[in-house]
>>> print(open('upload-v2.cif').read())   # mmCIF, C-alpha atoms
data_upload
loop_
_atom_site.group_PDB
_atom_site.id
_atom_site.type_symbol
_atom_site.label_atom_id
_atom_site.label_comp_id
_atom_site.auth_asym_id
_atom_site.auth_seq_id
_atom_site.Cartn_x
_atom_site.Cartn_y
_atom_site.Cartn_z
ATOM 1 C CA MET P 1198 12.171 -14.871 13.050
ATOM 2 C CA LYS P 1199 13.029 -14.856 9.361
ATOM 3 C CA VAL P 1200 10.596 -12.871 7.236
ATOM 4 C CA LEU P 1201 10.703 -13.106 3.438
ATOM 5 C CA ALA P 1202 8.876 -10.436 1.421
ATOM 6 C CA ILE P 1203 8.541 -11.274 -2.280
ATOM 7 C CA GLY P 1204 7.387 -8.791 -4.905
ATOM 8 C CA ALA P 1205 7.120 -9.282 -8.631
ATOM 9 C CA HIS P 1206 9.200 -6.179 -9.398
ATOM 10 C CA PRO P 1207 11.600 -3.840 -7.603
ATOM 11 C CA ASP P 1208 9.392 -1.291 -5.748
ATOM 12 C CA ASP P 1209 6.328 -3.562 -5.236
ATOM 13 C CA ILE P 1210 7.349 -4.393 -1.671
ATOM 14 C CA GLU P 1211 8.041 -0.764 -0.813
ATOM 15 C CA ILE P 1212 4.619 0.285 -2.107
ATOM 16 C CA SER P 1213 2.599 -2.307 -0.209
ATOM 17 C CA CYS P 1214 4.362 -3.373 2.992
ATOM 18 C CA ALA P 1215 7.592 -1.460 3.694
ATOM 19 C CA GLY P 1216 6.206 0.175 6.820
ATOM 20 C CA THR P 1217 5.481 -3.212 8.329
ATOM 21 C CA LEU P 1218 8.882 -4.578 7.320
ATOM 22 C CA ALA P 1219 10.576 -1.596 8.961
ATOM 23 C CA LYS P 1220 8.701 -2.399 12.184
ATOM 24 C CA MET P 1221 9.787 -6.019 11.927
ATOM 25 C CA VAL P 1222 13.427 -5.019 11.632
ATOM 26 C CA GLU P 1223 13.073 -2.674 14.609
ATOM 27 C CA ALA P 1224 11.606 -5.577 16.594
ATOM 28 C CA GLY P 1225 14.723 -7.644 15.895
ATOM 29 C CA HIS P 1226 13.494 -9.930 13.124
ATOM 30 C CA GLU P 1227 15.530 -10.732 10.023
ATOM 31 C CA VAL P 1228 13.863 -9.426 6.867
ATOM 32 C CA VAL P 1229 14.861 -10.451 3.340
ATOM 33 C CA LEU P 1230 13.490 -8.502 0.362
ATOM 34 C CA CYS P 1231 13.134 -10.385 -2.927
ATOM 35 C CA HIS P 1232 11.937 -9.269 -6.347
ATOM 36 C CA ALA P 1233 11.291 -11.929 -8.949
ATOM 37 C CA SER P 1234 11.739 -9.786 -12.058
ATOM 38 C CA ASP P 1235 14.568 -7.353 -12.658
ATOM 39 C CA GLY P 1236 12.144 -4.749 -14.020
ATOM 40 C CA ASP P 1237 13.521 -4.624 -17.547
ATOM 41 C CA LYS P 1238 10.342 -3.161 -19.084
ATOM 42 C CA GLY P 1239 9.694 -0.454 -16.512
ATOM 43 C CA HIS P 1240 10.603 2.652 -18.504
ATOM 44 C CA TYR P 1241 9.663 4.186 -21.853
ATOM 45 C CA GLU P 1242 13.016 5.845 -22.551
ATOM 46 C CA ILE P 1243 15.718 3.857 -20.719
ATOM 47 C CA PRO P 1244 16.581 0.611 -22.567
ATOM 48 C CA ALA P 1245 16.547 -2.671 -20.665
ATOM 49 C CA SER P 1246 20.344 -3.014 -20.743
ATOM 50 C CA GLU P 1247 20.635 0.229 -18.779
ATOM 51 C CA LEU P 1248 17.444 -0.049 -16.754
ATOM 52 C CA VAL P 1249 18.153 -3.418 -15.113
ATOM 53 C CA PRO P 1250 21.290 -2.237 -13.237
ATOM 54 C CA ILE P 1251 19.512 1.000 -12.314
ATOM 55 C CA ARG P 1252 16.601 -0.872 -10.777
ATOM 56 C CA ARG P 1253 18.902 -3.323 -9.025
ATOM 57 C CA ARG P 1254 20.772 -0.416 -7.480
ATOM 58 C CA GLU P 1255 17.508 1.291 -6.464
ATOM 59 C CA ALA P 1256 16.293 -1.917 -4.795
ATOM 60 C CA GLU P 1257 19.553 -2.335 -2.893
ATOM 61 C CA GLN P 1258 19.422 1.274 -1.727
ATOM 62 C CA ALA P 1259 15.864 0.779 -0.508
ATOM 63 C CA GLY P 1260 16.832 -2.367 1.388
ATOM 64 C CA ALA P 1261 19.788 -0.568 2.944
ATOM 65 C CA VAL P 1262 17.399 1.907 4.587
ATOM 66 C CA ILE P 1263 16.303 -0.890 6.940
ATOM 67 C CA ASN P 1264 19.543 -2.917 6.692
ATOM 68 C CA SER P 1265 17.813 -5.782 4.891
ATOM 69 C CA ARG P 1266 19.303 -8.135 2.322
ATOM 70 C CA VAL P 1267 17.923 -7.762 -1.208
ATOM 71 C CA VAL P 1268 17.655 -10.739 -3.572
ATOM 72 C CA SER P 1269 16.751 -10.741 -7.274
ATOM 73 C CA LEU P 1270 15.659 -13.910 -9.068
ATOM 74 C CA GLY P 1271 16.563 -12.348 -12.409
ATOM 75 C CA LEU P 1272 13.353 -13.028 -14.322
ATOM 76 C CA ARG P 1273 11.934 -10.643 -16.924
ATOM 77 C CA ASP P 1274 8.796 -8.536 -16.728
ATOM 78 C CA GLY P 1275 5.872 -10.523 -18.090
ATOM 79 C CA GLU P 1276 7.730 -13.830 -17.785
ATOM 80 C CA ILE P 1277 6.839 -15.042 -14.293
ATOM 81 C CA TRP P 1278 5.330 -18.356 -15.360
ATOM 82 C CA PRO P 1279 4.444 -20.848 -12.592
ATOM 83 C CA GLU P 1280 4.221 -23.718 -15.092
ATOM 84 C CA GLN P 1281 7.910 -23.624 -16.014
ATOM 85 C CA GLU P 1282 10.050 -25.979 -13.975
ATOM 86 C CA GLU P 1283 13.176 -23.814 -14.072
ATOM 87 C CA ILE P 1284 11.227 -20.857 -12.711
ATOM 88 C CA ARG P 1285 9.671 -22.953 -9.933
ATOM 89 C CA LEU P 1286 13.148 -24.177 -9.006
ATOM 90 C CA LYS P 1287 14.345 -20.602 -8.517
ATOM 91 C CA PHE P 1288 11.617 -20.067 -5.928
ATOM 92 C CA ILE P 1289 12.170 -23.442 -4.285
ATOM 93 C CA ASP P 1290 15.876 -22.662 -3.912
ATOM 94 C CA LEU P 1291 14.954 -19.262 -2.465
ATOM 95 C CA MET P 1292 12.786 -20.915 0.205
ATOM 96 C CA CYS P 1293 15.461 -23.483 0.985
ATOM 97 C CA THR P 1294 18.212 -20.887 1.412
ATOM 98 C CA VAL P 1295 16.217 -18.284 3.347
ATOM 99 C CA GLN P 1296 14.241 -20.818 5.455
ATOM 100 C CA PRO P 1297 11.489 -18.268 6.233
ATOM 101 C CA ASP P 1298 9.096 -18.497 9.158
ATOM 102 C CA LEU P 1299 6.751 -16.057 7.440
ATOM 103 C CA VAL P 1300 6.305 -15.008 3.810
ATOM 104 C CA ILE P 1301 4.567 -11.884 2.485
ATOM 105 C CA THR P 1302 3.643 -11.588 -1.195
ATOM 106 C CA HIS P 1303 0.991 -10.335 -3.634
ATOM 107 C CA ALA P 1304 -2.648 -11.330 -3.306
ATOM 108 C CA PRO P 1305 -3.911 -13.673 -6.043
ATOM 109 C CA ASN P 1306 -6.360 -11.047 -7.376
ATOM 110 C CA ASP P 1307 -4.076 -8.049 -7.839
ATOM 111 C CA TYR P 1308 -4.164 -5.834 -10.912
ATOM 112 C CA MET P 1309 -1.563 -7.287 -13.288
ATOM 113 C CA PRO P 1310 -0.377 -10.708 -14.526
ATOM 114 C CA ASP P 1311 3.069 -10.757 -12.895
ATOM 115 C CA HIS P 1312 1.580 -10.084 -9.455
ATOM 116 C CA ASN P 1313 -1.077 -12.768 -9.800
ATOM 117 C CA ALA P 1314 1.324 -15.340 -11.224
ATOM 118 C CA LEU P 1315 3.795 -14.626 -8.431
ATOM 119 C CA SER P 1316 1.118 -15.140 -5.791
ATOM 120 C CA ARG P 1317 0.439 -18.606 -7.162
ATOM 121 C CA ILE P 1318 4.063 -19.633 -7.471
ATOM 122 C CA VAL P 1319 4.865 -18.462 -3.941
ATOM 123 C CA PHE P 1320 1.943 -20.463 -2.561
ATOM 124 C CA ASP P 1321 3.098 -23.533 -4.482
ATOM 125 C CA THR P 1322 6.783 -23.364 -3.698
ATOM 126 C CA THR P 1323 6.545 -22.502 -0.009
ATOM 127 C CA PHE P 1324 5.070 -25.996 0.273
ATOM 128 C CA LEU P 1325 7.122 -27.778 -2.405
ATOM 129 C CA ALA P 1326 10.393 -26.538 -0.871
ATOM 130 C CA THR P 1327 9.769 -28.713 2.191
ATOM 131 C CA LEU P 1328 9.797 -31.945 0.129
ATOM 132 C CA PRO P 1329 12.904 -34.130 -0.207
ATOM 133 C CA GLY P 1330 14.593 -33.633 -3.562
ATOM 134 C CA ALA P 1331 12.546 -30.573 -4.500
ATOM 135 C CA SER P 1332 15.770 -28.566 -4.768
ATOM 136 C CA ARG P 1333 18.656 -29.905 -6.817
ATOM 137 C CA GLN P 1334 21.265 -28.276 -4.591
ATOM 138 C CA HIS P 1335 19.817 -27.450 -1.165
ATOM 139 C CA LYS P 1336 18.350 -29.294 1.779
ATOM 140 C CA PRO P 1337 14.558 -28.943 2.081
ATOM 141 C CA ALA P 1338 13.027 -26.032 3.918
ATOM 142 C CA ALA P 1339 12.361 -26.953 7.519
ATOM 143 C CA LYS P 1340 8.682 -26.031 7.505
ATOM 144 C CA VAL P 1341 5.818 -24.559 5.529
ATOM 145 C CA PRO P 1342 5.859 -20.860 6.465
ATOM 146 C CA ALA P 1343 2.910 -18.739 7.425
ATOM 147 C CA LEU P 1344 1.716 -16.854 4.342
ATOM 148 C CA TYR P 1345 0.286 -13.332 4.191
ATOM 149 C CA TYR P 1346 -0.863 -11.300 1.197
ATOM 150 C CA MET P 1347 -0.028 -7.594 1.068
ATOM 151 C CA ASP P 1348 -2.580 -5.037 -0.071
ATOM 152 C CA ASN P 1349 -3.636 -4.806 -3.704
ATOM 153 C CA LEU P 1350 -2.738 -1.587 -5.449
ATOM 154 C CA SER P 1351 -5.508 0.866 -4.439
ATOM 155 C CA GLY P 1352 -7.059 -1.843 -2.243
ATOM 156 C CA ILE P 1353 -9.638 -3.022 -4.797
ATOM 157 C CA ASP P 1354 -11.352 -6.257 -3.719
ATOM 158 C CA PHE P 1355 -9.005 -6.605 -0.740
ATOM 159 C CA GLN P 1356 -10.481 -6.796 2.755
ATOM 160 C CA PRO P 1357 -7.676 -7.062 5.314
ATOM 161 C CA THR P 1358 -7.817 -9.648 8.069
ATOM 162 C CA LEU P 1359 -4.918 -7.862 9.762
ATOM 163 C CA TYR P 1360 -3.955 -4.206 10.059
ATOM 164 C CA VAL P 1361 -0.483 -3.054 11.074
ATOM 165 C CA ASP P 1362 -0.082 0.448 12.534
ATOM 166 C CA ILE P 1363 2.824 1.964 10.583
ATOM 167 C CA THR P 1364 2.468 5.506 11.883
ATOM 168 C CA ALA P 1365 5.958 5.410 13.410
ATOM 169 C CA THR P 1366 7.579 3.917 10.297
ATOM 170 C CA PHE P 1367 5.618 5.639 7.540
ATOM 171 C CA GLY P 1368 8.474 8.088 6.973
ATOM 172 C CA THR P 1369 10.852 5.161 6.574
ATOM 173 C CA LYS P 1370 8.493 3.603 4.049
ATOM 174 C CA LEU P 1371 8.490 6.775 1.961
ATOM 175 C CA GLU P 1372 12.272 6.982 2.197
ATOM 176 C CA MET P 1373 12.514 3.432 0.826
ATOM 177 C CA LEU P 1374 10.023 4.109 -1.950
ATOM 178 C CA LYS P 1375 11.813 7.295 -3.016
ATOM 179 C CA LYS P 1376 14.897 5.224 -3.798
ATOM 180 C CA HIS P 1377 12.968 3.855 -6.803
ATOM 181 C CA GLN P 1378 13.242 7.058 -8.804
ATOM 182 C CA SER P 1379 12.938 5.329 -12.171
ATOM 183 C CA GLN P 1380 9.577 3.939 -11.115
ATOM 184 C CA LEU P 1381 8.209 7.217 -9.832
ATOM 185 C CA VAL P 1382 8.603 8.369 -13.440
ATOM 186 C CA TRP P 1383 7.293 5.141 -15.002
ATOM 187 C CA LEU P 1384 4.125 4.984 -12.908
ATOM 188 C CA LYS P 1385 3.373 8.601 -13.741
ATOM 189 C CA ASN P 1386 3.940 8.080 -17.474
ATOM 190 C CA HIS P 1387 2.361 4.638 -17.855
ATOM 191 C CA ASP P 1388 -0.457 4.781 -15.280
ATOM 192 C CA ASN P 1389 -0.832 8.517 -14.608
ATOM 193 C CA VAL P 1390 -0.242 7.810 -10.921
ATOM 194 C CA ASP P 1391 1.712 9.872 -8.415
ATOM 195 C CA ILE P 1392 2.702 6.785 -6.442
ATOM 196 C CA LEU P 1393 3.919 8.692 -3.379
ATOM 197 C CA ASP P 1394 0.564 10.457 -3.094
ATOM 198 C CA SER P 1395 -1.266 7.201 -3.821
ATOM 199 C CA VAL P 1396 0.614 5.353 -1.082
ATOM 200 C CA MET P 1397 -0.054 8.128 1.421
ATOM 201 C CA THR P 1398 -3.769 8.092 0.581
ATOM 202 C CA MET P 1399 -3.986 4.309 0.794
ATOM 203 C CA ASN P 1400 -2.163 4.061 4.098
ATOM 204 C CA LYS P 1401 -4.233 6.889 5.591
ATOM 205 C CA PHE P 1402 -7.373 5.038 4.489
ATOM 206 C CA ARG P 1403 -6.214 1.784 6.081
ATOM 207 C CA GLY P 1404 -5.244 3.816 9.136
ATOM 208 C CA MET P 1405 -8.756 5.257 9.335
ATOM 209 C CA GLN P 1406 -10.132 1.711 9.274
ATOM 210 C CA ALA P 1407 -7.692 0.593 11.964
ATOM 211 C CA GLY P 1408 -7.945 3.631 14.225
ATOM 212 C CA CYS P 1409 -4.480 5.083 13.655
ATOM 213 C CA ALA P 1410 -2.809 7.619 11.371
ATOM 214 C CA TYR P 1411 -1.264 5.181 8.878
ATOM 215 C CA ALA P 1412 -1.682 1.437 8.458
ATOM 216 C CA GLU P 1413 -0.986 -1.408 6.043
ATOM 217 C CA GLY P 1414 -3.479 -4.204 5.446
ATOM 218 C CA PHE P 1415 -2.837 -7.922 5.018
ATOM 219 C CA ILE P 1416 -4.800 -11.104 4.450
ATOM 220 C CA GLN P 1417 -3.567 -14.316 6.040
ATOM 221 C CA HIS P 1418 -3.768 -17.362 3.796
ATOM 222 C CA MET P 1419 -5.891 -19.849 5.694
ATOM 223 C CA ALA P 1420 -5.203 -23.467 4.781
ATOM 224 C CA TRP P 1421 -4.037 -26.509 6.715
ATOM 225 C CA SER P 1422 -0.522 -25.996 8.133
ATOM 226 C CA ARG P 1423 -0.499 -22.305 7.156
ATOM 227 C CA PRO P 1424 -2.105 -20.730 10.257
ATOM 228 C CA ASN P 1425 0.667 -22.179 12.400
ATOM 229 C CA ALA P 1426 2.064 -20.956 15.680
ATOM 230 C CA VAL P 1427 3.959 -18.075 14.039
ATOM 231 C CA ARG P 1428 2.504 -14.772 15.204
ATOM 232 C CA PHE P 1429 2.722 -11.826 12.840
ATOM 233 C CA PRO P 1430 5.846 -10.283 14.382
ATOM 234 C CA VAL P 1431 4.888 -6.648 14.885
#
>>> encode(input="upload-v2.cif", output="structure tokens")
Amino acid sequence: MKVLAIGAHPDDIEISCAGTLAKMVEAGHEVVLCHASDGDKGHYEIPASELVPIRRREAEQAGAVINSRVVSLGLRDGEIWPEQEEIRLKFIDLMCTVQPDLVITHAPNDYMPDHNALSRIVFDTTFLATLPGASRQHKPAAKVPALYYMDNLSGIDFQPTLYVDITATFGTKLEMLKKHQSQLVWLKNHDNVDILDSVMTMNKFRGMQAGCAYAEGFIQHMAWSRPNAVRFPV
């Protein structure tokens, strides 16, 4: 199967679902990691012109840990706007080129505007990409993929409908997250969060709920054509 994980920024995927993606790769599925924004505003001291290539390199290094392709849509922080046609087309083209069976992205009620806007645009374009002429340069996507939302940061107002035991891949998840060194600093300075400790706490909590050491939680989007025959491949 082809699995497409889409985060608003480099490091979002690693924080919320990297353990599951590592299991998917181990099971033989193709996993593509995509971040919509290039993370240009994610540091107090490093200017955007220097930060963007740093974050791109960090994302590629994280993807290399599980031998997954990394794609950037090249948007800017705070500028993920579902209403803009050119932005929608970027996502439609992404769906048409990857042809995913399953998509993982942010929940629509996460903590910041880019995450919530991305959730909406992914829902919209996973469907729109299947329509003739939706892309100006690619054939339509073959099907509407199954859609899952990854955990909100700190799990607020997020009740999983699926838990994935990541005990065996939790170390891999941390290895991927540690590649985002610029963001370990940013999250500490901007949000006063030790993100490595936060991730460990969150995944232990989900693990307690699921009866294992570490787990990640997901919510399946339930709408006509979405709960298709694709089984969550872990």
>>> closest_residue(input="upload-v2.cif", among="P:Phe1320, P:Trp1383, P:Trp1278, P:Tyr1411", to="Leu1299 (chain P)", atoms="all atoms listed in the file")
P:Phe1320
>>> resolve_selection(input="upload-v2.cif", expression="the PyMOL selection byres ((chain P and resi 1228-1233) around 6)", output="ChimeraX atom specification")
/P:1200-1207,1227,1234,1265-1270,1272
>>> atom_distance(input="upload-v2.cif", atom1="CA of Ile1416 (chain P)", atom2="CA of Tyr1346 (chain P)")
5.1 Å
>>> closest_residue(input="upload-v2.cif", among="P:Val1427, P:Ile1277, P:Leu1248, P:Ala1365", to="Asp1311 (chain P)", atoms="only C-alpha atoms")
P:Ile1277
>>> resolve_selection(input="upload-v2.cif", expression="the PyMOL selection byres ((chain P and resi 1403) around 12)", output="number ranges by chain")
P: 1213, 1348, 1351-1352, 1355-1364, 1396-1402, 1404-1415
>>> resolve_selection(input="upload-v2.cif", expression="the PyMOL selection byres ((chain P and resi 1331) around 12)", output="count of residues only")
28
>>> axis_aligned_box(input="upload-v2.cif", around="region 1312-1329 of chain P", padding_each_side="8 Å", output="AutoDock Vina command-line options")
--center_x 5.9 --center_y -22.1 --center_z -4.5 --size_x 30.0 --size_y 40.0 --size_z 29.4
